[in-house]
Structures are given as C-alpha cells and as structure tokens.
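**Student:** Contents of structure07.txt (compact mmCIF, C-alpha atoms and all ligand atoms):
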# COMPACT_ATOMS: atom_id res chain seq x y z
CA MET A 1 101.69 -91.79 -103.53
CA PRO A 2 104.11 -88.90 -103.80
CA TYR A 3 107.17 -89.61 -105.91
CA SER A 4 110.22 -88.26 -104.11
CA LEU A 5 113.03 -87.05 -106.35
CA LYS A 6 115.74 -87.67 -103.76
CA GLY A 7 118.29 -90.18 -104.97
CA ARG A 8 116.66 -90.54 -108.42
CA ASN A 9 118.88 -90.71 -111.47
CA VAL A 10 118.00 -88.11 -114.09
CA LEU A 11 119.15 -87.64 -117.68
CA VAL A 12 118.68 -84.11 -119.04
CA THR A 13 119.33 -83.65 -122.75
CA ALA A 14 120.62 -80.22 -123.78
CA GLY A 15 121.20 -79.81 -120.06
CA SER A 16 124.33 -77.71 -119.94
CA ARG A 17 122.90 -74.29 -120.81
CA GLY A 18 119.59 -72.49 -121.25
CA LEU A 19 116.43 -74.04 -119.85
CA GLY A 20 118.07 -77.46 -119.46
CA ALA A 21 120.75 -76.11 -117.10
CA LEU A 22 118.14 -74.69 -114.75
CA VAL A 23 116.17 -77.93 -114.86
CA CYS A 24 119.36 -79.80 -113.89
CA GLU A 25 119.82 -77.49 -110.95
CA LYS A 26 116.21 -77.90 -109.80
CA PHE A 27 116.56 -81.70 -109.80
CA ALA A 28 119.90 -81.52 -107.98
CA ALA A 29 118.29 -79.26 -105.38
CA GLU A 30 115.73 -82.04 -104.82
CA GLY A 31 118.58 -84.46 -104.15
CA ALA A 32 118.59 -86.18 -107.56
CA ASN A 33 121.73 -87.26 -109.42
CA VAL A 34 122.04 -85.74 -112.86
CA LEU A 35 123.61 -86.72 -116.18
CA ILE A 36 124.07 -83.46 -118.08
CA ASN A 37 124.07 -83.86 -121.84
CA TYR A 38 125.80 -81.22 -123.92
CA HIS A 39 126.62 -80.90 -127.60
CA SER A 40 129.70 -78.73 -128.17
CA ASN A 41 130.57 -76.79 -125.02
CA ALA A 42 132.15 -79.27 -122.60
CA GLU A 43 133.46 -76.53 -120.37
CA ALA A 44 130.00 -75.11 -119.61
CA ALA A 45 128.70 -78.62 -118.90
CA GLN A 46 131.58 -79.44 -116.56
CA GLN A 47 131.24 -76.14 -114.70
CA LEU A 48 127.57 -76.86 -114.09
CA ALA A 49 128.28 -80.42 -112.93
CA ASP A 50 130.95 -79.19 -110.50
CA LYS A 51 128.64 -76.52 -109.14
CA LEU A 52 125.74 -78.91 -108.58
CA GLU A 53 127.93 -81.53 -106.90
CA LYS A 54 129.37 -78.91 -104.58
CA GLU A 55 126.14 -77.13 -103.72
CA TYR A 56 123.78 -80.07 -103.45
CA SER A 57 126.04 -83.06 -102.65
CA VAL A 58 124.67 -85.16 -105.52
CA ASN A 59 126.40 -87.08 -108.30
CA CYS A 60 126.66 -85.19 -111.57
CA HIS A 61 128.30 -86.31 -114.79
CA ILE A 62 128.45 -84.87 -118.25
CA ALA A 63 128.08 -86.64 -121.59
CA GLN A 64 128.56 -85.29 -125.08
CA ALA A 65 125.91 -86.33 -127.60
CA ASP A 66 124.17 -84.88 -130.61
CA THR A 67 120.50 -85.69 -130.09
CA LEU A 68 119.90 -85.42 -133.83
CA VAL A 69 121.79 -88.71 -134.19
CA ALA A 70 119.92 -91.91 -133.34
CA ALA A 71 122.89 -93.85 -132.03
CA GLU A 72 123.90 -90.99 -129.77
CA ASN A 73 120.50 -90.91 -128.05
CA ASP A 74 120.83 -94.63 -127.47
CA GLN A 75 124.33 -94.19 -126.08
CA LEU A 76 123.21 -91.37 -123.77
CA VAL A 77 120.79 -93.68 -122.01
CA HIS A 78 123.48 -96.34 -121.52
CA THR A 79 125.97 -93.73 -120.31
CA THR A 80 123.48 -92.48 -117.72
CA VAL A 81 122.98 -95.97 -116.33
CA GLU A 82 126.71 -96.59 -116.31
CA LYS A 83 127.68 -93.29 -114.63
CA LEU A 84 124.77 -92.84 -112.21
CA GLY A 85 123.97 -96.50 -111.54
CA GLY A 86 120.42 -96.35 -112.90
CA LEU A 87 117.86 -94.28 -114.78
CA ASP A 88 114.58 -93.04 -113.31
CA ILE A 89 113.79 -89.81 -115.13
CA ILE A 90 114.46 -88.44 -118.60
CA ILE A 91 114.05 -84.76 -119.37
CA ALA A 92 114.13 -84.78 -123.17
CA ASN A 93 114.84 -81.10 -123.57
CA ALA A 94 116.87 -80.85 -126.77
CA GLY A 95 115.22 -79.32 -129.81
CA TRP A 96 116.22 -77.88 -133.16
CA THR A 97 115.01 -75.11 -135.44
CA ARG A 98 116.19 -72.41 -137.78
CA PHE A 99 114.51 -69.03 -137.71
CA THR A 100 112.81 -68.71 -141.08
CA ARG A 101 110.71 -66.21 -143.02
CA PRO A 102 107.12 -66.64 -141.84
CA GLY A 103 104.77 -67.97 -144.46
CA ASP A 104 107.50 -68.88 -146.93
CA ILE A 105 107.40 -72.64 -147.34
CA TYR A 106 110.54 -72.56 -149.47
CA ASP A 107 112.69 -70.89 -146.85
CA MET A 108 113.60 -74.13 -145.10
CA SER A 109 115.29 -76.89 -147.05
CA HIS A 110 114.11 -80.50 -146.94
CA ASP A 111 117.29 -81.36 -145.07
CA GLU A 112 116.42 -78.80 -142.43
CA TRP A 113 112.87 -80.16 -142.16
CA ASN A 114 114.45 -83.55 -141.56
CA LYS A 115 116.69 -82.06 -138.88
CA CYS A 116 113.62 -80.66 -137.12
CA TRP A 117 112.01 -84.08 -137.38
CA ALA A 118 115.14 -85.79 -136.05
CA ALA A 119 115.48 -83.45 -133.09
CA ASN A 120 111.86 -82.83 -132.16
CA VAL A 121 110.36 -86.28 -132.84
CA MET A 122 112.87 -89.06 -133.54
CA SER A 123 115.13 -88.26 -130.59
CA HIS A 124 112.14 -88.95 -128.29
CA LEU A 125 111.51 -92.27 -129.99
CA GLN A 126 115.15 -93.28 -129.77
CA LEU A 127 115.53 -92.26 -126.13
CA MET A 128 112.36 -94.12 -125.19
CA GLN A 129 113.23 -97.24 -127.18
CA THR A 130 116.41 -97.63 -125.17
CA ALA A 131 115.12 -96.34 -121.83
CA GLN A 132 111.74 -98.03 -121.59
CA PRO A 133 112.99 -101.55 -120.75
CA ILE A 134 115.23 -100.03 -118.08
CA MET A 135 112.69 -97.69 -116.50
CA SER A 136 109.83 -100.19 -116.57
CA LYS A 137 111.88 -102.51 -114.35
CA ASN A 138 112.49 -99.87 -111.67
CA PRO A 139 110.43 -100.54 -108.52
CA ASP A 140 108.80 -97.08 -108.93
CA GLY A 141 108.86 -97.11 -112.71
CA GLY A 142 110.05 -94.03 -114.57
CA VAL A 143 109.26 -90.53 -115.69
CA TYR A 144 109.68 -89.02 -119.16
CA ILE A 145 109.14 -85.31 -119.70
CA ALA A 146 109.56 -83.75 -123.13
CA THR A 147 110.21 -80.09 -123.77
CA SER A 148 107.73 -79.01 -126.39
CA SER A 149 106.66 -75.42 -127.14
CA ILE A 150 103.56 -73.32 -127.57
CA ALA A 151 104.58 -73.50 -131.23
CA GLY A 152 103.41 -77.13 -131.03
CA ILE A 153 99.83 -76.01 -130.38
CA THR A 154 99.73 -72.91 -132.58
CA THR A 155 100.87 -71.99 -136.06
CA GLY A 156 103.63 -69.85 -134.60
CA GLY A 157 107.23 -70.14 -133.51
CA SER A 158 110.57 -69.85 -135.21
CA SER A 159 109.70 -71.94 -138.27
CA MET A 160 106.88 -73.97 -139.74
CA ALA A 161 108.93 -77.16 -139.46
CA TYR A 162 109.60 -76.47 -135.78
CA SER A 163 105.91 -75.92 -135.09
CA VAL A 164 104.84 -79.03 -137.02
CA THR A 165 107.45 -81.30 -135.46
CA LYS A 166 106.85 -80.01 -131.93
CA ALA A 167 103.17 -80.84 -132.52
CA ALA A 168 104.12 -84.33 -133.68
CA GLY A 169 106.31 -84.72 -130.61
CA LEU A 170 103.30 -83.98 -128.43
CA HIS A 171 101.29 -86.69 -130.12
CA LEU A 172 104.13 -89.14 -129.67
CA MET A 173 104.25 -88.20 -125.99
CA LYS A 174 100.58 -89.17 -125.65
CA HIS A 175 101.22 -92.52 -127.34
CA PHE A 176 104.11 -93.16 -124.97
CA ALA A 177 101.91 -92.38 -121.97
CA PHE A 178 99.19 -94.73 -123.17
CA THR A 179 101.63 -97.47 -124.15
CA PHE A 180 103.97 -97.43 -121.16
CA GLY A 181 101.59 -96.66 -118.29
CA PRO A 182 101.34 -97.43 -115.49
CA GLU A 183 105.08 -97.97 -115.16
CA ILE A 184 106.23 -94.82 -116.95
CA ARG A 185 104.55 -91.43 -116.66
CA VAL A 186 105.01 -89.32 -119.77
CA ASN A 187 104.22 -85.61 -120.03
CA ALA A 188 105.36 -82.46 -121.81
CA VAL A 189 106.12 -78.88 -120.83
CA LEU A 190 105.22 -76.22 -123.39
CA PRO A 191 107.17 -73.04 -122.78
CA GLY A 192 106.41 -69.68 -124.31
CA LEU A 193 109.18 -67.23 -125.06
CA LEU A 194 112.23 -67.93 -122.87
CA LEU A 195 115.07 -65.46 -122.93
CA THR A 196 117.81 -68.04 -123.43
CA GLU A 197 120.39 -67.81 -126.22
CA TRP A 198 117.77 -69.45 -128.44
CA GLY A 199 114.94 -67.06 -127.48
CA MET A 200 117.15 -64.00 -127.86
CA LYS A 201 117.42 -64.82 -131.56
CA PHE A 202 113.95 -63.33 -132.01
CA GLY A 203 115.54 -59.89 -131.54
CA ASP A 204 114.56 -56.99 -129.32
CA ASN A 205 111.65 -55.73 -131.43
CA ILE A 206 109.82 -59.04 -131.48
CA ILE A 207 110.61 -59.82 -127.87
CA ASN A 208 109.21 -56.48 -126.72
CA ALA A 209 106.15 -56.86 -128.92
CA LEU A 210 105.51 -60.35 -127.57
CA LYS A 211 105.81 -59.23 -123.99
CA GLU A 212 103.32 -56.46 -124.71
CA ARG A 213 100.86 -58.95 -126.23
CA SER A 214 101.12 -61.50 -123.45
CA THR A 215 98.50 -61.42 -120.75
CA LEU A 216 101.09 -61.19 -117.99
CA ARG A 217 103.14 -58.60 -119.95
CA HIS A 218 106.42 -60.47 -119.67
CA GLU A 219 108.30 -63.38 -121.15
CA THR A 220 108.08 -66.87 -119.68
CA TYR A 221 110.39 -66.78 -116.71
CA LEU A 222 112.94 -69.58 -116.83
CA ASP A 223 112.56 -70.30 -113.16
CA ASP A 224 108.80 -70.80 -113.44
CA CYS A 225 109.23 -72.99 -116.47
CA ALA A 226 111.90 -75.18 -114.83
CA ASP A 227 109.65 -75.62 -111.79
CA ALA A 228 107.05 -77.24 -114.05
CA TYR A 229 109.38 -80.21 -114.67
CA ILE A 230 109.78 -80.79 -110.94
CA SER A 231 106.05 -80.59 -110.40
CA LEU A 232 105.28 -83.04 -113.21
CA ALA A 233 108.02 -85.44 -112.12
CA LYS A 234 106.55 -85.63 -108.62
CA ASN A 235 102.92 -85.82 -109.71
CA THR A 236 101.81 -89.45 -109.75
CA SER A 237 98.32 -88.66 -111.08
CA ALA A 238 99.24 -87.01 -114.37
CA THR A 239 100.32 -88.72 -117.56
CA GLY A 240 99.85 -87.90 -121.23
CA GLN A 241 99.47 -84.22 -120.32
CA GLN A 242 100.86 -81.04 -121.79
CA LEU A 243 101.62 -78.29 -119.31
CA THR A 244 101.79 -74.86 -120.91
CA VAL A 245 103.93 -72.27 -119.13
CA ASP A 246 103.84 -69.22 -121.36
CA ALA A 247 102.86 -66.03 -119.50
CA VAL A 248 99.75 -66.46 -121.63
CA PHE A 249 100.93 -65.72 -125.10
CA CYS A 250 98.53 -68.44 -126.09
CA PRO A 251 95.32 -68.59 -124.04
CA GLY A 252 93.84 -72.05 -123.85
CA GLY A 253 96.39 -73.20 -126.37
CA ILE A 254 94.02 -72.35 -129.21
CA SER A 255 95.05 -69.24 -131.01
CA SER A 256 98.09 -67.09 -130.76
CA VAL A 257 96.98 -64.46 -133.23
CA GLY A 258 93.48 -63.79 -132.07
CA ARG A 259 93.94 -63.51 -128.36
CA SER A 260 93.07 -59.85 -128.56
CA SER A 261 92.90 -57.10 -131.07
CA ARG A 262 95.39 -55.08 -129.10
CA PRO A 263 97.74 -53.60 -131.70
CA LEU A 264 101.15 -55.14 -131.86
CA TYR A 265 102.64 -51.71 -132.52
CA LYS A 266 101.37 -48.60 -130.90
CA ASP A 267 102.47 -45.96 -133.41
CA SER A 268 99.99 -44.55 -135.87
CA ASN A 269 101.38 -46.50 -138.78
CA ALA A 270 101.01 -49.79 -137.02
CA LEU A 271 99.01 -52.77 -138.09
CA SER A 272 96.42 -54.21 -135.77
CA LEU A 273 95.49 -57.85 -135.86
CA LYS A 274 92.19 -59.59 -135.55
CA ALA A 275 91.39 -63.22 -135.71
CA ASN A 276 88.69 -65.59 -134.73
CA SER A 277 89.20 -67.85 -131.75
CA CYS A 278 90.52 -70.71 -133.84
CA GLY A 279 93.13 -68.51 -135.43
CA LYS A 280 91.81 -69.40 -138.86
CA SER A 281 90.48 -66.19 -140.25
CA VAL A 282 92.77 -63.27 -139.87
CA SER A 283 92.07 -59.73 -140.89
CA VAL A 284 94.49 -56.89 -141.04
CA LYS A 285 93.60 -53.31 -140.36
CA LEU A 286 95.84 -50.37 -141.06
CA VAL A 287 95.76 -47.90 -138.22
CA GLY A 288 96.49 -44.25 -138.93
CA SER A 289 96.06 -41.99 -141.85
CA LYS A 290 98.73 -43.36 -144.13
CA ARG A 291 100.06 -46.81 -144.89
CA PRO A 292 103.40 -47.82 -143.42
CA THR A 293 106.10 -46.99 -145.90
CA GLY A 294 107.15 -50.59 -146.26
CA LEU A 295 103.75 -51.74 -147.45
CA LYS A 296 103.79 -49.70 -150.63
CA THR A 297 107.35 -50.07 -151.61
CA GLY A 298 109.40 -53.09 -152.60
CA GLU A 299 109.23 -56.53 -151.14
CA GLN A 300 112.20 -55.92 -148.92
CA GLY A 301 110.48 -53.43 -146.61
CA ILE A 302 107.22 -55.32 -146.59
CA GLU A 303 108.98 -58.49 -145.67
CA ASN A 304 110.57 -56.85 -142.66
CA ASP A 305 107.22 -55.68 -141.41
CA SER A 306 105.64 -59.08 -141.76
CA GLN A 307 108.50 -60.73 -139.94
CA LYS A 308 107.83 -58.53 -137.00
CA LEU A 309 104.24 -59.57 -137.03
CA ASP A 310 104.37 -63.16 -137.91
CA ILE A 311 106.27 -65.25 -135.45
CA PHE A 312 103.13 -66.27 -133.65
CA GLY A 313 101.07 -67.48 -136.50
CA ASN A 314 99.68 -64.76 -138.73
CA ILE A 315 100.95 -66.38 -141.86
CA ARG A 316 98.05 -65.14 -143.96
CA ILE A 317 98.94 -61.63 -143.13
CA SER A 318 102.46 -62.05 -144.30
CA ARG A 319 101.24 -63.52 -147.55
CA THR A 320 98.84 -60.70 -148.20
CA LEU A 321 101.33 -58.04 -147.42
CA ASN A 322 104.38 -59.77 -148.71
CA ASN A 323 103.18 -61.19 -151.96
CA ILE A 324 105.06 -64.29 -150.99
CA GLY A 325 102.72 -66.24 -153.24
CA GLU A 326 103.95 -64.24 -156.20
CA LYS A 327 107.52 -64.72 -155.16
CA ASN A 328 106.98 -68.43 -154.93
CA ASN A 329 105.40 -68.49 -158.38
CA GLU A 330 108.44 -66.74 -159.75
CA ARG A 331 110.69 -69.33 -158.13
CA ARG A 332 108.72 -72.16 -159.69
CA LYS A 333 109.16 -70.74 -163.18
N1 LIG B 1 113.89 -70.39 -125.96
C1 LIG B 1 112.59 -70.38 -126.20
O1 LIG B 1 111.96 -69.31 -126.39
C2 LIG B 1 111.83 -71.68 -126.24
C3 LIG B 1 110.43 -71.63 -126.29
C4 LIG B 1 109.72 -72.83 -126.33
C5 LIG B 1 110.38 -74.03 -126.31
N2 LIG B 1 111.75 -74.06 -126.25
C6 LIG B 1 112.40 -75.38 -126.23
O2 LIG B 1 113.20 -75.47 -125.07
C7 LIG B 1 114.29 -76.37 -125.30
C8 LIG B 1 115.57 -75.74 -124.83
O3 LIG B 1 115.71 -74.50 -125.44
P1 LIG B 1 116.69 -73.34 -124.89
O4 LIG B 1 116.00 -72.06 -125.15
O5 LIG B 1 117.17 -73.67 -123.53
O6 LIG B 1 117.86 -73.51 -125.96
P2 LIG B 1 119.39 -73.15 -125.87
O7 LIG B 1 119.65 -72.05 -124.89
O8 LIG B 1 119.86 -72.96 -127.27
O9 LIG B 1 119.99 -74.54 -125.32
C9 LIG B 1 121.33 -74.72 -125.25
C10 LIG B 1 121.59 -76.14 -124.86
O10 LIG B 1 121.26 -77.04 -125.93
C11 LIG B 1 122.39 -77.90 -126.17
N3 LIG B 1 122.33 -78.41 -127.53
C12 LIG B 1 122.32 -77.69 -128.67
N4 LIG B 1 122.27 -78.53 -129.74
C13 LIG B 1 122.25 -79.80 -129.25
C14 LIG B 1 122.23 -81.08 -129.84
N5 LIG B 1 122.20 -81.24 -131.17
N6 LIG B 1 122.24 -82.17 -129.03
C15 LIG B 1 122.27 -82.02 -127.69
N7 LIG B 1 122.29 -80.82 -127.08
C16 LIG B 1 122.29 -79.72 -127.85
C17 LIG B 1 123.55 -77.00 -125.86
O11 LIG B 1 124.77 -77.71 -125.71
P3 LIG B 1 126.16 -76.99 -126.12
O12 LIG B 1 126.21 -75.69 -125.40
O13 LIG B 1 127.20 -77.95 -125.70
O14 LIG B 1 126.12 -76.82 -127.61
C18 LIG B 1 123.05 -76.36 -124.58
O15 LIG B 1 123.14 -77.25 -123.48
C19 LIG B 1 114.23 -76.72 -126.79
O16 LIG B 1 113.63 -77.98 -126.95
C20 LIG B 1 113.33 -75.63 -127.38
O17 LIG B 1 112.62 -76.11 -128.51
C21 LIG B 1 112.48 -72.92 -126.23
The structure in this file should be written as structure tokens.
Ligand SMILES: NC(=O)c1ccc[n+]([C@@H]2O[C@H](COP(=O)([O-])OP(=O)(O)OC[C@H]3O[C@@H](n4cnc5c(N)ncnc54)[C@H](OP(=O)(O)O)[C@@H]3O)[C@@H](O)[C@H]2O)c1

**Tutor:**
Amino acid sequence: MPYSLKGRNVLVTAGSRGLGALVCEKFAAEGANVLINYHSNAEAAQQLADKLEKEYSVNCHIAQADTLVAAENDQLVHTTVEKLGGLDIIIANAGWTRFTRPGDIYDMSHDEWNKCWAANVMSHLQLMQTAQPIMSKNPDGGVYIATSSIAGITTGGSSMAYSVTKAAGLHLMKHFAFTFGPEIRVNAVLPGLLLTEWGMKFGDNIINALKERSTLRHETYLDDCADAYISLAKNTSATGQQLTVDAVFCPGGISSVGRSSRPLYKDSNALSLKANSCGKSVSVKLVGSKRPTGLKTGEQGIENDSQKLDIFGNIRISRTLNNIGEKNNERRK
C-alpha cells in the first residue's frame, strides 16, 4: 500500500537550514504539515515556515530546541503534536561534530565525545521514546528517518567521534525497526559530502579533492539527498535500511580509502593512496622525484599534508607521516 504524504504531520530536527530545510520543503511540496526545529536562528526558521505555508498551503510551525538536551527532544515531540494536531513522521536530522586532526585520538575532549554521543545517538533514543507511543497509535503507524553519514560506515568524516557515533546511530536505527515494526518504519539516509555550511568547513582543497575522487566527480547534491527522505517515507516495504546517497565516495559502503588508486593530488609531489577493499591495509607511495617539502620538515607541514589526505579514513597514513604516535607519547610524559 502506498503511503501518501499528503496531510501527514512531520517533525524535522535541524530543519531550518542546510539539508533539513530542503527536506522540509520536499515534505511541504507533498502536502505535509511541518514542524521546523531550529537551534539559534529563529529568523531563518520563520522565513522558511512562511515560505512553505505560502507556496504549498500547508501548516508550518517552528520550535526552538537543542537536540543535545534530552528534555528538549521530548518537548519537541509534544510541541509537534500540539501545533500540528498529530505526529506521523520524524526526520531526525540534527547531528554534531567538531572537525579534528585525523588520527589524533587526543584532539577531541571527552566532553566533545559525549556531545557527539548525545547528538548522534541519544537524541534518537529520546525522540523515539516520546514519539513511539504516539505514532504506534496512528491508523497508518509512523515513519522515522535518521540522518546518518557515510562516516558511519567508513573510518572517515570530520572526526573519529562523529564516525563512531553515526555508526552507533545506525545500529540503534536497526533496533528501532525491529522493535517497533510493523507500526513504525525506521530507516536512515547516509549522505556523502553536502555543500551546506557544515560541509563547507572541509575547505576548498579537500572539497575539490573529494569531488575528484568520487565516481560521479561531484559532491552529493542536496536535492538528490533530500529526495531520498521522501522516497523512504513513502516506501511501505523498507524498514531497518540505510540508504547511501554519496555520489559514490564510498562504493558499497566498504572502504573510502581504497576505492581506487587514483592520486588525490595530481602534481608530481603528490601522494597516491592504495588500500585493500576493506580499507584495512593502506600503503602510501610518493609520486615524483622528490618528497613533498612538508614530509621532511617539521611536524607542522606534515600535519597539513595529512589533513588534506585523511578526512576519508586513511588514518594510518597520517600516523606514518605525521609521527602522531610520537607526539602522543610526548603528551603522556
Ligand atoms: N554536510 C555534510 O557534508 C554532511 C554529510 C553527511 C551527513 N551530514 C549530516 O546531515 C545532517 C545535517 O547537516 P547539514 O550539513 O545540513 O548541517 P548544517 O547546515 O550545519 O545544519 C544547520 C541546521 O542545524 C540546526 N542545528 C544546529 N545545531 C543544532 C542543535 N544543537 N539542535 C537542533 N538543531 C541544530 C541549525 O539551526 P540554527 O540555524 O537555528 O542554529 C540549522 O537548522 C547532520 O546530521 C549531519 O551529520 C552532513
């Protein structure tokens, strides 16, 4: 049975800007009412709500909440029911990270690890704990779609904690699907690089290098990614699934480093990468007649090079080149 989105009540966390804003618009275009969650920028959220109401003649409301805080996730669910008159679909899109030095397990504090855990795992638990009794009672049940990341299925991404907690979030999603079916369908979308404010933090060099390495030679288009949420919400035969939309940075979701030995940089001083299909053994080859300047000199230059290389998982490389192990030993002393 097709699940029509018309007249459904949808909560989108982190819905006022970036990927979430486009997802809100896609649901409104399908005739769904939307509760747009924002964190600090009420004006952007209100502008989006006004636009969607005007263009699509649906009900849109905004609600401030920090999804890192348990009680605020709980409150968001109640606010959605109160403002829209019910809750059918949750798009749990909020996430948290800090861009860290690849391969340096000391770069992120324990508090920051806990923030990743709160945003990328606990917020799902809290939203579901409050929403499940409500959605299970709907005549057509409910839909829960989490925004994960290809970092959740590789050793890449903005930080180790982000990658680990996005992976944990995926496992939680599968438990939800198993536990709350058949009433609630639970799935996840795994985007690759999106050029939102968040994605732009990777910087031009990395973004260009990633586009070059991707099979489709471009970033993950926001529009294509947002469409995946609509498709999953309508699909009554899929639950417990992870839908990767990544312009193929990560073929088969197995390895991000070893997808090809195409050099990341094309100049003669570049490094080329090789890895086996599980991304476990990584070798580094210097291309050209001389080593890149940074590799011989102090840690500073080497570190910069490895950061360019390492956002999608080649942590061993950064250790070899960076002597991060030595640095860590020094810190322990
Ligand atoms: N960008 C990428 O390359 C990429 C790749 C894979 C996965 N993802 C995932 O996609 C999701 C959305 O990312 P994005 O790129 O769209 O990010 P973004 O552009 O930074 O998202 C901005 C939105 O997040 C809201 N927000 C920020 N902190 C929040 C908090 N603590 N509680 C509630 N809302 C909060 C903002 O509200 P205010 O404006 O009010 O602060 C705004 O609506 C995340 O889960 C991320 O992990 C992103």

**Student:** How would you report the residues lying within 8 Å of ligand LIG 1 (chain B), as a PyMOL selection string, if you count only C-alpha atoms and all ligand atoms?

**Tutor:** chain A and resi 13-21+37-42+44-45+64-68+92-97+119-120+147-151+162+166+190-200

**Student:** Nearest to Leu172 (chain A): which of A:Ser159, A:Val189, A:Thr130, A:Leu125 is it, counting all atoms listed in the file?

**Tutor:**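 Of A:Ser159, A:Val189, A:Thr130, A:Leu125, the one nearest Leu172 (chain A) is A:Leu125, counting all atoms listed in the file.
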
**Student:** Considering all atoms listed in the file, state which residue in the set A:Pro133, A:Ile153, A:Asp88, A:Arg98 is at the smallest distance from Asn114 (chain A).

**Tutor:**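 For Asn114 (chain A), the nearest of the given residues is A:Arg98.
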
**Student:** Distance cut-off 12 Å, centre (109.4, -102.5, -112.1) in file coordinates, counting all atoms listed in the file: which residues qualify? Return them as number ranges by chain.

**Tutor:** A: 88, 132-142, 180-184

**Student:** Would you kindly return, as JSON, numbers by chain, each protein, DNA or RNA residue with an atom no farther than 12 Å from any atom of Asp227 (chain A), considering all atoms listed in the file and excluding same-chain residues fewer than 6 positions away?

**Tutor:** {"A": [19, 20, 22, 23, 24, 25, 26, 27, 29, 30, 189, 191, 220, 221, 233, 234, 243, 245]}

**Student:** Could you check the closest approach to Leu76 (chain A) for each of A:Ile91, A:Leu127, A:Ile206, A:Ala28 and tell me which residue wins, using all atoms listed in the file?

**Tutor:** A:Leu127
